[in-house]
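**Q** Shown below is the structure under consideration.
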Amino acid sequence: MVSDGIDRLGFLIHDVQRLMRKRFEARASGLGLSSAQWRLMVRVAKEEGITQARLAELLEIEPISVSRLVDRMEEGGWIERRQDATDRRVRMIFPTEKASAAYADVKSLAGEVYEESLTGVSPEDRRILIRVLDTIVQNLTDGEASSLEKIKSREGAAA
């Protein structure tokens with residue numbers, strides 16, 4: 001039986017994610033945040049006012065773990081909690097200026113890791129890679145907007 005490599009897809013995606021995360025964590029260690037903290041900070045910076053429940057879902061960790069993580073980050077001056085105006089039980093999370101400044105550093109480090117990981121990949125192949133991965137996300141997502149759809153909607157709103 002001839003294989004086109006599709007049987008390795010899951011392993012390849014997992015290995016790429018693991019290796020990129022490992023490389024990023026090595027470079028980001030000087031920022032003073034744990035891996036879990038910078039992942040949360042990036043989510044909060046991208047979605048200001050996100051709820052703790054949604055953070056738990058996106059980070060794939062238990063709500064009690066998110067609560068403890070948010071407690072530590074709030075104590076460190078990285079984020080702040082605010083009550084939802086319509087539902088006092090809901091706590092929304094916002095980045096502080098300290099987090100916003102660190103987010104710029106995180107984006108820069110991530111960009112370096114992306115460029116390093118894509119060395120030798122042509123611009124056209126990069127576009128194809130992103131398009132294919134986004135299609136996979138769309139195929140596997142239940143009702144959530146994919147990253148490409150979010151970008152397109154933001155670009156449309158800005159026009």
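Note on naming: chains are A, B, ... as they come in the structure tokens, residues start from 1 per chain, ligands start from 1 in the order shown.
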Write down as a ChimeraX atom specification the residues of chain A whose backbone DSSP state falls under strand (DSSP E).

**A** /A:50-51,79-83,91-95

**Q** Save the residues we just selected, C-alpha atoms, as a PDB file, in the first residue's frame?

**A**
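New file selection_17.pdb:
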```pdb
ATOM      1  CA  ILE A  50     -12.964  37.405  28.116  1.00  0.00           C
ATOM      2  CA  THR A  51     -14.602  35.413  30.898  1.00  0.00           C
ATOM      3  CA  ILE A  79      -4.416  41.348  34.459  1.00  0.00           C
ATOM      4  CA  GLU A  80      -7.454  42.760  36.214  1.00  0.00           C
ATOM      5  CA  ARG A  81     -10.887  41.315  36.850  1.00  0.00           C
ATOM      6  CA  ARG A  82     -14.075  43.284  36.335  1.00  0.00           C
ATOM      7  CA  GLN A  83     -17.653  42.305  36.958  1.00  0.00           C
ATOM      8  CA  ARG A  91     -15.958  38.063  35.959  1.00  0.00           C
ATOM      9  CA  MET A  92     -14.315  39.462  32.852  1.00  0.00           C
ATOM     10  CA  ILE A  93     -10.546  39.581  32.473  1.00  0.00           C
ATOM     11  CA  PHE A  94      -8.621  42.529  31.017  1.00  0.00           C
ATOM     12  CA  PRO A  95      -4.896  43.042  30.438  1.00  0.00           C
TER      13      PRO A  95
END
```

**Q** Extract, using only C-alpha atoms, all DNA, RNA and protein residues at most 12 Å from Ala110 (chain A), discarding same-chain residues fewer than 6 positions from it, and format them as a ChimeraX atom specification.

**A** /A:20-28,38-39,42,103-104,116-117

**Q** Go ahead and write the residues just picked, C-alpha atoms, as an mmCIF file, in the first residue's frame.

**A**
```cif
data_model
loop_
_atom_site.group_PDB
_atom_site.id
_atom_site.type_symbol
_atom_site.label_atom_id
_atom_site.label_comp_id
_atom_site.auth_asym_id
_atom_site.auth_seq_id
_atom_site.Cartn_x
_atom_site.Cartn_y
_atom_site.Cartn_z
ATOM 1 C CA MET A 20 7.574 25.492 18.487
ATOM 2 C CA ARG A 21 6.245 25.784 22.046
ATOM 3 C CA LYS A 22 9.531 24.455 23.442
ATOM 4 C CA ARG A 23 11.565 26.917 21.351
ATOM 5 C CA PHE A 24 9.279 29.808 22.315
ATOM 6 C CA GLU A 25 9.369 28.921 26.015
ATOM 7 C CA ALA A 26 13.163 28.876 25.959
ATOM 8 C CA ARG A 27 13.229 32.369 24.467
ATOM 9 C CA ALA A 28 10.380 33.731 26.600
ATOM 10 C CA TRP A 38 1.889 33.717 28.912
ATOM 11 C CA ARG A 39 -0.728 31.561 27.157
ATOM 12 C CA VAL A 42 -2.024 36.238 25.034
ATOM 13 C CA TYR A 103 2.353 41.110 24.739
ATOM 14 C CA ALA A 104 4.344 43.099 22.182
ATOM 15 C CA GLU A 116 12.938 30.099 12.153
ATOM 16 C CA SER A 117 10.477 27.225 11.792
#
```

**Q** Please, which residues of chain A, numbered as in this document, come out helix (DSSP H, G or I) from DSSP, as a PyMOL selection string?

**A** chain A and resi 6-31+35-46+52-59+63-75+97-117+123-140+147-158

**Q** My list of candidates is A:Ala53, A:Arg68, A:Ile61, A:Glu74. Which is closest to Arg89 (chain A) when distances are computed with only C-alpha atoms?

**A**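 When distances to Arg89 (chain A) are compared using only C-alpha atoms, the smallest one comes from A:Ala53.
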
**Q** Take CA of Ile136 (chain A) and CA of Val121 (chain A) and report the distance between them in Å, one decimal.

**A**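 Going from CA of Ile136 (chain A) over to CA of Val121 (chain A) covers 20.0 Å.
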
**Q** What lies within 12 Å of Ala102 (chain A) using only C-alpha atoms, ignoring chain neighbours under 6 positions off, as a list in words?

**A**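 Once the adjacent positions are removed, what remains is Ala28, Gly30, Leu31, Gly32, Leu33, Gln37, Trp38, Met41, Val42, Ala45, Gly77, Trp78, Ile79, Pro95, Thr96, Ser108 and Leu109 of chain A.
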
**Q** Report, in Å with one decimal, the straight-line distance from CA of Ser29 (chain A) to CA of Arg43 (chain A).

**A**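 Computed distance, CA of Ser29 (chain A) to CA of Arg43 (chain A), equals 18.3 Å.
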
**Q** Would you list the contacts of Val66 (chain A) as an MDAnalysis selection string, taking every protein, DNA or RNA residue within 9 Å and counting only C-alpha atoms, but skipping same-chain residues closer than 4 positions in sequence?

**A** chainID A and resid 40 52:53 55:56 59 61:62 70:71

**Q** Include N, CA and C atoms and write out the residues we just selected as an mmCIF file, in the first residue's frame.

**A**
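Writing the result to out_3.cif gives the following:
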```cif
data_model
loop_
_atom_site.group_PDB
_atom_site.id
_atom_site.type_symbol
_atom_site.label_atom_id
_atom_site.label_comp_id
_atom_site.auth_asym_id
_atom_site.auth_seq_id
_atom_site.Cartn_x
_atom_site.Cartn_y
_atom_site.Cartn_z
ATOM 1 N N LEU A 40 -2.246 32.435 28.858
ATOM 2 C CA LEU A 40 -3.420 33.161 29.325
ATOM 3 C C LEU A 40 -3.319 34.630 28.949
ATOM 4 N N GLN A 52 -13.610 34.026 32.599
ATOM 5 C CA GLN A 52 -12.765 32.942 33.089
ATOM 6 C C GLN A 52 -13.218 31.611 32.515
ATOM 7 N N ALA A 53 -14.523 31.424 32.370
ATOM 8 C CA ALA A 53 -15.033 30.167 31.813
ATOM 9 C C ALA A 53 -14.534 29.966 30.382
ATOM 10 N N LEU A 55 -11.831 31.311 29.093
ATOM 11 C CA LEU A 55 -10.391 31.066 29.172
ATOM 12 C C LEU A 55 -10.112 29.594 29.463
ATOM 13 N N ALA A 56 -10.856 29.012 30.387
ATOM 14 C CA ALA A 56 -10.672 27.594 30.714
ATOM 15 C C ALA A 56 -10.903 26.734 29.481
ATOM 16 N N LEU A 59 -7.957 27.418 26.878
ATOM 17 C CA LEU A 59 -6.666 26.919 27.349
ATOM 18 C C LEU A 59 -6.707 25.426 27.658
ATOM 19 N N ILE A 61 -7.973 23.855 30.253
ATOM 20 C CA ILE A 61 -7.664 23.522 31.636
ATOM 21 C C ILE A 61 -8.923 23.728 32.476
ATOM 22 N N GLU A 62 -8.934 23.141 33.648
ATOM 23 C CA GLU A 62 -10.104 23.200 34.521
ATOM 24 C C GLU A 62 -10.346 24.633 35.016
ATOM 25 N N VAL A 70 -5.366 33.114 37.264
ATOM 26 C CA VAL A 70 -5.793 34.509 37.199
ATOM 27 C C VAL A 70 -5.458 35.220 38.509
ATOM 28 N N ASP A 71 -5.651 34.533 39.644
ATOM 29 C CA ASP A 71 -5.283 35.117 40.941
ATOM 30 C C ASP A 71 -3.809 35.528 40.948
#
```
